[in-house]
>>> print(open('target-v9.txt').read())   # compact mmCIF, C-alpha atoms
# COMPACT_ATOMS: atom_id res chain seq x y z
CA MET G 7 -21.79 27.70 4.99
CA ARG G 8 -19.05 26.48 2.65
CA PRO G 9 -18.99 22.69 2.25
CA PRO G 10 -15.77 21.02 3.35
CA ASP G 11 -13.14 20.44 0.68
CA THR G 12 -13.04 16.99 -0.84
CA ASP G 13 -9.98 14.80 -0.35
CA ASP G 14 -8.86 15.50 -3.90
CA VAL G 15 -9.08 19.27 -3.44
CA LEU G 16 -7.13 18.99 -0.18
CA LEU G 17 -4.53 16.84 -1.90
CA GLU G 18 -4.04 19.46 -4.62
CA ARG G 19 -3.53 22.10 -1.96
CA LEU G 20 -1.20 19.77 -0.06
CA ARG G 21 0.90 19.27 -3.18
CA ALA G 22 1.20 23.03 -3.46
CA GLY G 23 2.60 23.12 0.07
CA ASP G 24 -0.51 24.15 2.04
CA ASP G 25 -0.02 22.77 5.55
CA ASP G 26 -3.61 23.58 6.57
CA ALA G 27 -4.77 21.23 3.84
CA PHE G 28 -2.49 18.52 5.16
CA GLN G 29 -3.81 19.01 8.67
CA VAL G 30 -7.45 18.81 7.57
CA LEU G 31 -6.75 15.71 5.51
CA TYR G 32 -4.83 14.09 8.35
CA ARG G 33 -7.57 14.77 10.90
CA ARG G 34 -10.18 13.44 8.53
CA ARG G 35 -8.44 10.16 7.75
CA GLN G 36 -6.08 9.29 10.60
CA GLY G 37 -8.65 7.70 12.89
CA ALA G 38 -9.73 5.03 10.45
CA ILE G 39 -6.15 4.21 9.50
CA TYR G 40 -5.11 4.01 13.14
CA ARG G 41 -8.05 1.78 14.11
CA PHE G 42 -7.55 -0.49 11.11
CA ALA G 43 -3.89 -0.94 12.00
CA MET G 44 -4.70 -1.44 15.67
CA HIS G 45 -7.40 -4.02 15.11
CA VAL G 46 -5.38 -6.04 12.63
CA THR G 47 -2.04 -5.88 14.47
CA GLY G 48 -3.58 -5.88 17.98
CA SER G 49 -1.04 -3.28 19.07
CA SER G 50 -1.57 0.44 19.62
CA ALA G 51 2.18 1.09 19.37
CA ALA G 52 2.31 -0.57 15.96
CA ALA G 53 -0.84 1.31 14.92
CA GLU G 54 0.79 4.60 15.88
CA ASP G 55 3.91 3.81 13.85
CA ILE G 56 1.86 2.67 10.89
CA THR G 57 -0.36 5.76 10.93
CA GLN G 58 2.70 7.97 11.05
CA GLU G 59 4.34 6.07 8.20
CA VAL G 60 1.20 6.22 6.03
CA PHE G 61 1.02 10.01 6.24
CA LEU G 62 4.78 10.40 5.86
CA THR G 63 4.39 8.51 2.61
CA LEU G 64 1.67 10.94 1.62
CA ILE G 65 3.95 13.89 2.40
CA ARG G 66 6.88 12.44 0.48
CA ALA G 67 5.07 10.87 -2.44
CA ALA G 68 1.67 12.51 -2.78
CA CYS G 69 2.28 12.58 -6.53
CA ARG G 70 2.04 8.77 -6.64
CA TYR G 71 -1.66 8.83 -5.88
CA ASP G 72 -3.73 8.55 -9.04
CA PRO G 73 -7.42 9.49 -8.51
CA GLU G 74 -8.39 7.42 -11.54
CA ARG G 75 -7.35 4.24 -9.73
CA GLY G 76 -9.42 4.75 -6.58
CA THR G 77 -10.19 7.04 -3.70
CA LEU G 78 -7.56 8.67 -1.54
CA ASN G 79 -9.04 6.84 1.43
CA GLY G 80 -8.50 3.53 -0.37
CA TYR G 81 -4.95 4.59 -1.28
CA LEU G 82 -4.13 5.37 2.37
CA PHE G 83 -5.69 2.12 3.57
CA GLY G 84 -3.67 0.29 0.91
CA ILE G 85 -0.41 1.73 2.26
CA ALA G 86 -1.53 0.96 5.81
CA ARG G 87 -2.31 -2.64 4.89
CA LYS G 88 1.13 -3.17 3.38
CA LEU G 89 2.72 -1.83 6.54
CA VAL G 90 0.42 -3.97 8.69
CA LEU G 91 1.37 -7.10 6.75
CA ARG G 92 5.03 -6.21 7.09
CA HIS G 93 4.57 -5.74 10.83
CA LEU G 94 2.75 -9.06 11.19
CA GLU G 95 5.41 -10.84 9.19
CA ARG G 96 8.13 -9.38 11.37
CA ALA G 97 6.17 -10.24 14.51
CA ARG G 98 5.70 -13.80 13.26
CA MET G 99 9.43 -14.18 12.71
CA ASP G 100 10.17 -12.69 16.14
CA VAL G 101 7.69 -15.09 17.72
CA ALA G 102 9.25 -17.99 15.85
CA LEU G 103 12.66 -16.99 17.16
CA ASP G 104 11.31 -16.60 20.70
CA GLY G 105 9.51 -19.91 20.45
CA ALA G 106 6.20 -18.44 21.59
CA GLY G 107 2.83 -18.95 19.91
CA ASP G 108 -0.06 -16.60 19.15
CA GLU G 109 -0.27 -14.19 16.19
CA GLY G 110 -0.01 -10.58 17.27
CA THR G 111 -0.47 -9.28 20.75
CA ALA G 112 -3.51 -8.89 22.95
CA PRO G 113 -5.81 -6.11 21.77
CA GLN G 114 -6.10 -2.95 23.78
CA LEU G 115 -8.98 -2.56 26.17
CA ALA G 116 -12.08 -0.89 24.85
CA ILE G 117 -12.95 2.72 25.45
CA HIS G 118 -15.71 2.64 28.04
CA ASP G 119 -16.64 6.23 28.62
CA ASP G 120 -20.37 5.73 28.24
CA PRO G 121 -21.79 5.47 31.76
CA ALA G 122 -25.18 4.48 30.40
CA MET G 123 -23.79 1.32 28.89
CA ALA G 124 -24.73 -1.67 30.99
CA MET G 125 -22.03 -3.98 32.26
CA ALA G 126 -23.50 -6.86 30.25
CA ASP G 127 -23.34 -4.80 27.07
CA ARG G 128 -19.73 -3.88 27.76
CA GLU G 129 -18.81 -7.48 28.34
CA ARG G 130 -20.56 -8.54 25.17
CA LEU G 131 -18.75 -5.89 23.10
CA GLU G 132 -15.44 -6.82 24.70
CA ALA G 133 -16.07 -10.46 23.84
CA LEU G 134 -16.87 -9.42 20.28
CA ARG G 135 -13.71 -7.36 20.04
CA LEU G 136 -11.63 -10.30 21.24
CA ALA G 137 -13.40 -12.60 18.81
CA VAL G 138 -12.58 -10.19 15.96
CA HIS G 139 -8.97 -10.15 17.04
CA ARG G 140 -8.81 -13.94 17.07
CA LEU G 141 -10.11 -14.29 13.53
CA PRO G 142 -7.55 -15.38 10.94
CA ARG G 143 -5.96 -12.27 9.44
CA ARG G 144 -7.73 -12.40 6.06
CA TYR G 145 -11.12 -12.47 7.79
CA ARG G 146 -10.13 -10.02 10.48
CA GLU G 147 -9.12 -7.32 8.03
CA VAL G 148 -12.33 -7.60 6.03
CA VAL G 149 -14.48 -7.35 9.17
CA VAL G 150 -12.50 -4.33 10.36
CA LEU G 151 -12.76 -2.61 6.98
CA CYS G 152 -16.38 -3.37 6.11
CA ASP G 153 -18.10 -3.73 9.48
CA LEU G 154 -16.12 -1.48 11.80
CA GLU G 155 -14.87 1.20 9.40
CA GLU G 156 -17.78 0.94 6.98
CA VAL G 157 -15.55 1.00 3.91
CA ASP G 158 -17.64 0.08 0.87
CA TYR G 159 -17.03 -3.23 -0.87
CA ALA G 160 -15.42 -1.66 -3.94
CA ASP G 161 -12.86 0.22 -1.86
CA ALA G 162 -12.30 -2.85 0.31
CA ALA G 163 -11.63 -4.90 -2.81
CA ALA G 164 -9.07 -2.33 -4.01
CA ILE G 165 -7.40 -2.21 -0.59
CA LEU G 166 -7.23 -5.99 -0.25
CA GLY G 167 -6.29 -6.50 -3.88
CA CYS G 168 -9.07 -8.96 -4.61
CA PRO G 169 -12.42 -8.98 -6.47
CA ILE G 170 -15.56 -7.65 -4.80
CA GLY G 171 -16.99 -11.18 -4.80
CA THR G 172 -14.07 -12.30 -2.66
CA VAL G 173 -14.71 -9.47 -0.22
CA ARG G 174 -18.34 -10.56 0.09
CA SER G 175 -17.47 -14.21 0.57
CA ARG G 176 -14.73 -13.46 3.09
CA LEU G 177 -17.07 -11.19 5.01
CA HIS G 178 -19.75 -13.86 5.03
CA ARG G 179 -17.28 -16.45 6.26
CA ALA G 180 -15.82 -14.02 8.82
CA ARG G 181 -19.24 -13.29 10.31
CA ALA G 182 -19.99 -17.00 10.43
CA LEU G 183 -16.72 -17.61 12.30
CA LEU G 184 -17.44 -14.75 14.67
CA PHE G 185 -20.90 -16.09 15.33
CA GLU G 186 -19.53 -19.54 15.94
CA LYS G 187 -16.89 -18.30 18.39
CA LEU G 188 -19.35 -16.12 20.30
CA SER G 189 -21.95 -18.88 20.41
CA GLN G 190 -19.41 -21.33 21.77
CA GLU G 191 -18.36 -18.85 24.45
CA ARG G 192 -21.94 -18.17 25.45
CA ALA G 193 -22.75 -21.86 25.47
CA ALA G 194 -19.71 -22.45 27.66
CA ARG G 195 -20.95 -19.80 30.07
CA GLY G 196 -24.39 -21.43 30.01
CA GLU G 197 -26.03 -18.31 28.60
CA ILE G 198 -27.57 -20.15 25.66
CA LYS G 199 -28.16 -23.71 24.67
CA ASP G 200 -25.93 -25.25 22.06
CA LEU G 201 -27.12 -24.00 18.72
CA ASP G 202 -27.84 -26.05 15.69
CA PRO G 203 -25.80 -24.12 13.13
CA ALA G 204 -26.94 -26.27 10.24
CA ARG G 205 -30.35 -24.75 10.35
CA CYS G 206 -29.04 -21.23 9.89
CA TRP G 207 -26.32 -21.98 7.36
CA ILE G 208 -28.62 -22.90 4.52
CA MET T 9 -39.92 -16.24 6.91
CA ASN T 10 -37.25 -18.94 6.95
CA CYS T 11 -33.57 -18.66 7.93
CA ARG T 12 -32.43 -17.91 4.40
CA GLN T 13 -34.92 -15.08 4.06
CA PHE T 14 -33.97 -13.79 7.49
CA LEU T 15 -30.26 -13.69 6.58
CA LYS T 16 -31.05 -12.00 3.29
CA SER T 17 -33.10 -9.36 5.05
CA MET T 18 -30.14 -8.62 7.33
CA ALA T 19 -28.16 -7.36 4.34
CA ASP T 20 -30.61 -4.46 4.04
CA PRO T 21 -28.78 -1.36 5.37
CA ALA T 22 -32.05 -0.22 6.97
CA ALA T 23 -32.26 -3.45 8.95
CA THR T 24 -31.12 -2.09 12.30
CA GLY T 25 -32.56 -1.82 15.78
CA PRO T 26 -34.70 -4.34 17.63
CA LEU T 27 -36.28 -7.23 15.74
CA SER T 28 -39.75 -6.47 14.48
CA GLY T 29 -42.44 -7.85 12.19
CA GLU T 30 -41.63 -11.07 10.37
CA ARG T 31 -38.05 -10.98 11.65
CA LEU T 32 -39.30 -10.93 15.22
CA THR T 33 -41.60 -13.88 14.53
CA HIS T 34 -38.73 -15.85 13.00
CA GLY T 35 -36.29 -14.75 15.68
CA SER T 36 -38.56 -15.99 18.44
CA GLU T 37 -38.64 -19.41 16.78
CA CYS T 38 -34.94 -19.54 15.81
CA PRO T 39 -32.47 -18.52 18.54
CA ALA T 40 -29.55 -18.82 16.10
CA CYS T 41 -31.02 -16.17 13.80
CA ALA T 42 -31.92 -14.00 16.76
CA ASN T 43 -28.34 -14.23 17.99
CA ARG T 44 -27.03 -13.51 14.54
CA TRP T 45 -29.13 -10.35 14.51
CA LYS T 46 -27.79 -9.47 17.93
CA MET T 47 -24.23 -9.92 16.72
CA ALA T 48 -24.82 -7.58 13.78
CA GLU T 49 -26.16 -5.02 16.24
CA ASP T 50 -23.13 -5.53 18.46
CA LEU T 51 -20.79 -5.01 15.52
CA ARG T 52 -22.47 -1.67 14.84
CA ALA T 53 -22.21 -0.76 18.52
CA LEU T 54 -18.54 -1.74 18.56
CA ALA T 55 -17.89 0.35 15.44
CA ALA T 56 -19.57 3.36 17.06
CA GLN T 57 -17.58 2.87 20.25
CA GLU T 58 -14.30 2.46 18.39
CA ARG T 59 -14.78 5.68 16.42
CA LYS T 60 -13.61 7.57 19.49
CA ARG T 61 -10.21 5.95 19.17
CA GLU T 62 -7.61 8.03 17.31
CA ALA T 63 -3.87 8.26 16.85
CA PRO T 64 -2.12 10.16 19.68
CA SER T 65 -1.69 13.89 19.11
CA ARG T 66 2.11 13.51 19.01
CA VAL T 67 1.74 11.80 15.64
CA GLU T 68 0.02 14.88 14.21
CA ALA T 69 2.64 17.18 15.74
CA PHE T 70 5.45 15.11 14.22
CA LEU T 71 3.81 14.96 10.81
CA MET T 72 3.08 18.69 10.72
CA ALA T 73 6.73 19.37 11.51
CA GLU T 74 7.79 16.97 8.77
CA PHE T 75 5.41 18.60 6.32
CA ARG T 76 6.80 22.07 7.02
CA ARG T 77 10.37 20.80 6.82
CA ARG T 78 10.11 19.25 3.40
CA PRO T 79 12.12 21.26 0.88
CA VAL T 80 9.92 22.10 -2.10
CA PRO T 81 6.24 21.87 -3.03
CA LEU T 82 5.42 18.35 -4.05
CA SER T 83 5.63 17.75 -7.77
CA LYS T 84 2.64 16.71 -9.79
CA PRO T 85 2.56 13.25 -11.32
CA VAL T 86 3.93 12.78 -14.79
CA ALA T 87 1.04 13.10 -17.24
CA THR T 88 -0.16 9.71 -18.40
CA TRP T 89 0.40 10.56 -22.06
CA ARG T 90 4.09 11.18 -21.39
CA MET T 91 4.73 7.76 -19.93
CA PRO T 92 5.06 5.89 -23.28
CA ALA T 93 7.56 8.50 -24.48
CA LEU T 94 9.62 8.09 -21.32
CA TRP T 95 9.57 4.31 -21.64
CA ALA T 96 10.60 4.60 -25.30
CA ALA T 97 13.50 6.86 -24.36
CA ALA T 98 14.58 4.43 -21.65
CA ALA T 99 14.38 1.52 -24.10
CA GLY T 100 16.46 3.50 -26.60
CA LEU T 101 19.15 4.05 -23.99
CA VAL T 102 19.25 0.35 -23.21
CA LEU T 103 19.47 -0.55 -26.90
CA MET T 104 22.29 1.90 -27.51
CA ALA T 105 24.20 0.55 -24.54
CA SER T 106 23.72 -3.03 -25.63
CA ALA T 107 24.76 -2.17 -29.20
CA LEU T 108 28.11 -1.10 -27.88
CA TRP T 109 28.66 -4.02 -25.56
CA GLN T 110 26.87 -6.76 -27.44
CA ILE T 111 29.63 -9.36 -27.46
CA PRO T 112 28.69 -12.57 -25.57
CA GLY T 113 30.64 -13.09 -22.38
CA ARG T 114 31.67 -9.47 -22.27
CA ASN T 115 33.40 -8.50 -19.09
CA SER T 116 34.36 -4.91 -19.59
CA ARG T 117 35.57 -3.20 -16.47
CA PHE T 118 34.89 0.39 -15.66
CA VAL T 119 38.14 2.10 -14.84
CA THR T 120 37.61 5.82 -14.57
CA ALA T 121 35.51 8.63 -15.94
CA VAL T 122 36.86 12.00 -16.96
CA THR T 123 35.34 15.01 -18.59
CA GLY T 124 36.83 15.60 -21.97
CA PRO T 125 36.93 18.56 -24.29
CA ALA T 126 34.20 19.38 -26.71
CA VAL T 127 34.73 17.73 -30.08
CA GLN T 128 33.24 18.13 -33.46
CA THR T 129 30.63 15.88 -34.97
CA ALA T 130 31.24 12.16 -35.15
CA ASP T 131 29.65 11.08 -38.37
CA VAL T 132 29.57 7.44 -39.34
CA ASP T 133 31.57 8.11 -42.47
CA ASP T 134 34.03 10.45 -40.83
CA ALA T 135 37.53 9.25 -40.41
CA GLU T 136 39.29 9.12 -37.10
CA ASP T 137 39.44 12.61 -35.51
CA ALA T 138 42.48 14.46 -34.30
CA ASN T 139 42.20 12.87 -30.84
CA GLY T 140 42.18 9.38 -32.30
CA PHE T 141 38.46 8.74 -31.68
CA ILE T 142 36.65 6.60 -34.21
CA PRO T 143 32.90 7.24 -34.55
CA LEU T 144 30.74 4.29 -33.62
CA PRO T 145 28.47 2.83 -36.30
CA ASN T 146 24.95 4.32 -36.18
CA ALA T 147 25.89 6.78 -33.44
CA GLU T 148 24.31 10.20 -33.64
CA ALA T 149 26.47 13.18 -34.43
CA LEU T 150 27.72 15.20 -31.47
CA GLU T 151 26.54 18.75 -31.18
CA PRO T 152 29.20 21.32 -31.97
CA ASN T 153 30.57 22.75 -28.71
CA GLY T 154 28.47 20.25 -26.76
CA ASP T 155 29.90 18.67 -23.62
CA VAL T 156 31.19 15.15 -23.84
CA ASN T 157 32.52 12.67 -21.32
CA VAL T 158 35.34 10.27 -21.98
CA VAL T 159 35.20 7.02 -20.07
CA SER T 160 38.15 4.66 -19.88
CA VAL T 161 37.21 1.01 -19.97
CA GLU T 162 38.75 -2.41 -20.45
CA VAL T 163 36.88 -4.49 -22.96
CA PRO T 164 37.53 -7.73 -24.85
CA ARG T 165 39.18 -7.21 -28.20
CA SER T 166 36.15 -8.78 -29.82
CA ALA T 167 34.02 -5.89 -28.49
CA VAL T 168 36.33 -3.41 -30.17
CA VAL T 169 36.03 -5.34 -33.41
CA ALA T 170 32.26 -5.14 -33.12
CA ALA T 171 32.58 -1.38 -32.72
CA GLY T 172 34.21 -1.19 -36.15
CA ILE T 173 37.91 -1.22 -35.32
CA LEU T 174 39.92 -3.81 -37.13
CA LEU T 175 42.07 -5.94 -34.86
CA ALA T 176 43.46 -9.41 -35.26
CA ASP T 177 40.78 -11.61 -33.78
CA ASP T 178 43.03 -14.52 -32.90
CA ARG T 179 43.19 -13.08 -29.37
CA ALA T 180 39.53 -12.09 -29.19
CA SER T 181 39.18 -12.79 -25.49
CA GLU T 182 42.10 -10.60 -24.46
CA MET T 183 41.27 -7.32 -22.77
CA VAL T 184 42.25 -3.98 -24.28
CA LYS T 185 42.04 -0.52 -22.81
CA ALA T 186 39.87 1.93 -24.70
CA ASP T 187 38.36 5.38 -24.22
CA VAL T 188 34.69 5.76 -25.03
CA MET T 189 33.33 9.20 -25.79
CA LEU T 190 29.82 9.82 -24.47
CA GLY T 191 27.56 12.62 -25.63
CA SER T 192 25.77 14.95 -23.22
CA ASP T 193 22.87 12.48 -23.33
CA GLY T 194 25.14 9.72 -22.02
CA LEU T 195 25.13 7.71 -25.25
CA ALA T 196 28.39 6.37 -26.70
CA ARG T 197 29.54 8.20 -29.84
CA ALA T 198 33.15 7.25 -30.50
CA ILE T 199 35.87 4.94 -29.28
CA ARG T 200 39.65 5.18 -29.11
CA LEU T 201 42.13 2.49 -28.25
CA ALA T 202 44.37 3.57 -25.41
CA ASN T 203 47.39 1.81 -26.88
>>> encode(input="target-v9.txt", output="structure tokens")
Amino acid sequence: MRPPDTDDVLLERLRAGDDDAFQVLYRRRQGAIYRFAMHVTGSSAAAEDITQEVFLTLIRAACRYDPERGTLNGYLFGIARKLVLRHLERARMDVALDGAGDEGTAPQLAIHDDPAMAMADRERLEALRLAVHRLPRRYREVVVLCDLEEVDYADAAAILGCPIGTVRSRLHRARALLFEKLSQERAARGEIKDLDPARCWI
Amino acid sequence: MNCRQFLKSMADPAATGPLSGERLTHGSECPACANRWKMAEDLRALAAQERKREAPSRVEAFLMAEFRRRPVPLSKPVATWRMPALWAAAAGLVLMASALWQIPGRNSRFVTAVTGPAVQTADVDDAEDANGFIPLPNAEALEPNGDVNVVSVEVPRSAVVAAGILLADDRASEMVKADVMLGSDGLARAIRLAN
């Protein structure tokens, strides 16, 4: 069986006007872009717009992508991130004008189509999803990229425009914040005793 | 195993599934580490669950239509080795433009642009041609039968002096009307005073 074309091969075909190549590339990459946008903005409508805009940019300016500067996946995430930041900035200004408070909107409910998943597990994952959404943006995006989308650190660094060391430190800090939030929630519900974080933050 | 070693062991990509071995021993003594392990597991579970989430199919339909509607096959990027040459050409254009309008405080006003007839070469040493155009210093010669554009402008008298035309400079700030002849490459070649 013939191995699937790489992104770069598909991009060459796309540049030559092959719409099958565009479709394959879109189906391969859209999910991650959509989820990244949704998790960071907290809005599926914004994620849909951003995904559409990312691939429109690819259609209109595929020639701008330079394979020597990174992967196509990283390039697409980079465009998505710019659009996400623009969306958040606009949302922040709208919120300021409306006089309301929180950053972004409430995240969409999880997909729960696994009947085998216990209610407790679902609740725990939902709590985790909410905790991710409530992280400050710089930590949220690194968790979404590295933990949820499994983007490697080098690509994440290119997407976020920072050194790999910064990605590692942000991820470490993000997980610590997540852990702290979840522990506080569980302690509040009486599930666990108050933890002594000092012991585990050596 | 202490907490530091436990955390370090969590970075191992193979460290998934239920706690076992030394990790289990440490986890049973340290609820914080055990919970940290659980959270890492939950993140993996959340990632797996989220992978089912995709953009709605209408986005693909819209993009496919857009792709088919675009006019021509997408062009390839300019080869890297050509970029310095393009930048040099752009810099040359800027220098030529600034050579013509280099007078401080210039405030030339663009009036109109017309296409003029082809003219013969405008050499630096040539005298004024039959149309009254005076070649600009250091301007390249025009190609015989090449297209030219004539642009009417208003410039300070001092700018005209800088272009090599002798005028009394006691009224240097006054504006004069002039026609500037541009070659097919858009660079100024000759100038003519309208009056």
>>> interface_residues(input="target-v9.txt", of="chain T", to="chain G", cutoff="10 Å", atoms="all atoms listed in the file", output="CSV table (one decimal) with C-alpha atoms, in the coordinates of the input")
chain,number,residue,atom,x,y,z
T,10,ASN,CA,-37.2,-18.9,7.0
T,11,CYS,CA,-33.6,-18.7,7.9
T,12,ARG,CA,-32.4,-17.9,4.4
T,14,PHE,CA,-34.0,-13.8,7.5
T,15,LEU,CA,-30.3,-13.7,6.6
T,38,CYS,CA,-34.9,-19.5,15.8
T,39,PRO,CA,-32.5,-18.5,18.5
T,40,ALA,CA,-29.6,-18.8,16.1
T,41,CYS,CA,-31.0,-16.2,13.8
T,43,ASN,CA,-28.3,-14.2,18.0
T,44,ARG,CA,-27.0,-13.5,14.5
T,46,LYS,CA,-27.8,-9.5,17.9
T,47,MET,CA,-24.2,-9.9,16.7
T,48,ALA,CA,-24.8,-7.6,13.8
T,50,ASP,CA,-23.1,-5.5,18.5
T,51,LEU,CA,-20.8,-5.0,15.5
T,52,ARG,CA,-22.5,-1.7,14.8
T,53,ALA,CA,-22.2,-0.8,18.5
T,54,LEU,CA,-18.5,-1.7,18.6
T,55,ALA,CA,-17.9,0.4,15.4
T,56,ALA,CA,-19.6,3.4,17.1
T,57,GLN,CA,-17.6,2.9,20.2
T,58,GLU,CA,-14.3,2.5,18.4
T,59,ARG,CA,-14.8,5.7,16.4
T,60,LYS,CA,-13.6,7.6,19.5
T,61,ARG,CA,-10.2,6.0,19.2
T,62,GLU,CA,-7.6,8.0,17.3
T,63,ALA,CA,-3.9,8.3,16.8
T,64,PRO,CA,-2.1,10.2,19.7
T,66,ARG,CA,2.1,13.5,19.0
T,67,VAL,CA,1.7,11.8,15.6
T,68,GLU,CA,0.0,14.9,14.2
T,69,ALA,CA,2.6,17.2,15.7
T,70,PHE,CA,5.4,15.1,14.2
T,71,LEU,CA,3.8,15.0,10.8
T,72,MET,CA,3.1,18.7,10.7
T,73,ALA,CA,6.7,19.4,11.5
T,74,GLU,CA,7.8,17.0,8.8
T,75,PHE,CA,5.4,18.6,6.3
T,76,ARG,CA,6.8,22.1,7.0
T,78,ARG,CA,10.1,19.2,3.4
T,79,PRO,CA,12.1,21.3,0.9
T,80,VAL,CA,9.9,22.1,-2.1
T,81,PRO,CA,6.2,21.9,-3.0
T,82,LEU,CA,5.4,18.4,-4.0
T,83,SER,CA,5.6,17.8,-7.8
T,84,LYS,CA,2.6,16.7,-9.8
T,85,PRO,CA,2.6,13.2,-11.3
T,86,VAL,CA,3.9,12.8,-14.8
>>> closest_residue(input="target-v9.txt", among="G:Tyr159, G:Tyr81, G:Tyr145, G:Phe42", to="Arg176 (chain G)", atoms="all atoms listed in the file")
G:Tyr145
>>> atom_distance(input="target-v9.txt", atom1="CA of Val156 (chain T)", atom2="CA of Gly194 (chain T)")
8.3 Å
>>> residues_around(input="target-v9.txt", residues="Thr12 (chain G)", least_positions_apart="6", cutoff="12 Å", atoms="only C-alpha atoms", output="list in words")
Glu18, Arg19, Ala27, Val30, Leu31, Arg34, Arg35, Thr77, Leu78 and Asn79 of chain G
>>> residues_around(input="target-v9.txt", residues="Gly171 (chain G)", least_positions_apart="6", cutoff="10 Å", atoms="all atoms listed in the file", output="PyMOL selection string")
chain G and resi 159-160+163+177
>>> write_last_selection(input="target-v9.txt", atoms="C-alpha atoms", output="PDB file, keeping the file's coordinate frame")
ATOM      1  CA  TYR G 159     -17.030  -3.230  -0.870  1.00  0.00           C
ATOM      2  CA  ALA G 160     -15.420  -1.660  -3.940  1.00  0.00           C
ATOM      3  CA  ALA G 163     -11.630  -4.900  -2.810  1.00  0.00           C
ATOM      4  CA  LEU G 177     -17.070 -11.190   5.010  1.00  0.00           C
TER       5      LEU G 177
END
